[in-house]
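Asker: One structure follows; several queries about it will come next.
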Amino acid sequence: MALGDQVVFARLDVAEVLGIWRHATGRVVHVLPADGGSQVVNVQFDGHRLLVGYIADVFQRVG
């Protein structure tokens with residue numbers, strides 16, 4: 001995951017809980033290191049507040 005990547009939710013259950021349409025695309029606006037070598041990302045979806053601190057594995061890159 002890199003800054004500016006276009007993403008969708010790989011975990012559709014998370015999208016549904018947040019009220020975001022299953023195939024809505026967002027953009028990665030911050031990438032932060034996390035414990036254990038994984039990444040944490042902040043993602044912006046149109047019409048939704050900034051999603052802060054999500055494990056990158058919850059999303060998949062598109063395009």
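Going by the structure tokens order, chains are called A, B, ..., each with residues numbered from 1, while ligands are numbered from 1 in the order shown.
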Leaving out stretch 16-29 of chain A and any residue of its chain fewer than 3 positions from it, which residues lie within 7 Å of it when counting only C-alpha atoms, given as a list in words?
Answerer: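 Using only C-alpha atoms, the neighbours found are Ala2, Leu3, Gly4, Asp5, Gln6, Val7, Val8, Leu12, Asp13, Val41, Asn42, Val43, Gln44 and Phe45 of chain A.
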Asker: Pick out each residue of chain A that DSSP on the backbone tags as strand (DSSP E); I need them as a ChimeraX atom specification.
Answerer: /A:6-9,26-33,39-45,51-55,59-61
Asker: Find the residues near A:Val40: any atom within 9 Å, counting only C-alpha atoms, skip ones fewer than 6 places away on the same chain, and give them as a ChimeraX atom specification.
Answerer: /A:30-34,52-57
Asker: What does the structure give for the distance between atom CA of A:Val58 and atom CA of A:Ala10, in Å to one decimal?
Answerer: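 A separation of 5.4 Å between them.
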Asker: For A:Val62, which residue out of A:Arg11, A:Gly37, A:Met1, A:Asp46 is the nearest one, using only C-alpha atoms?
Answerer: A:Met1
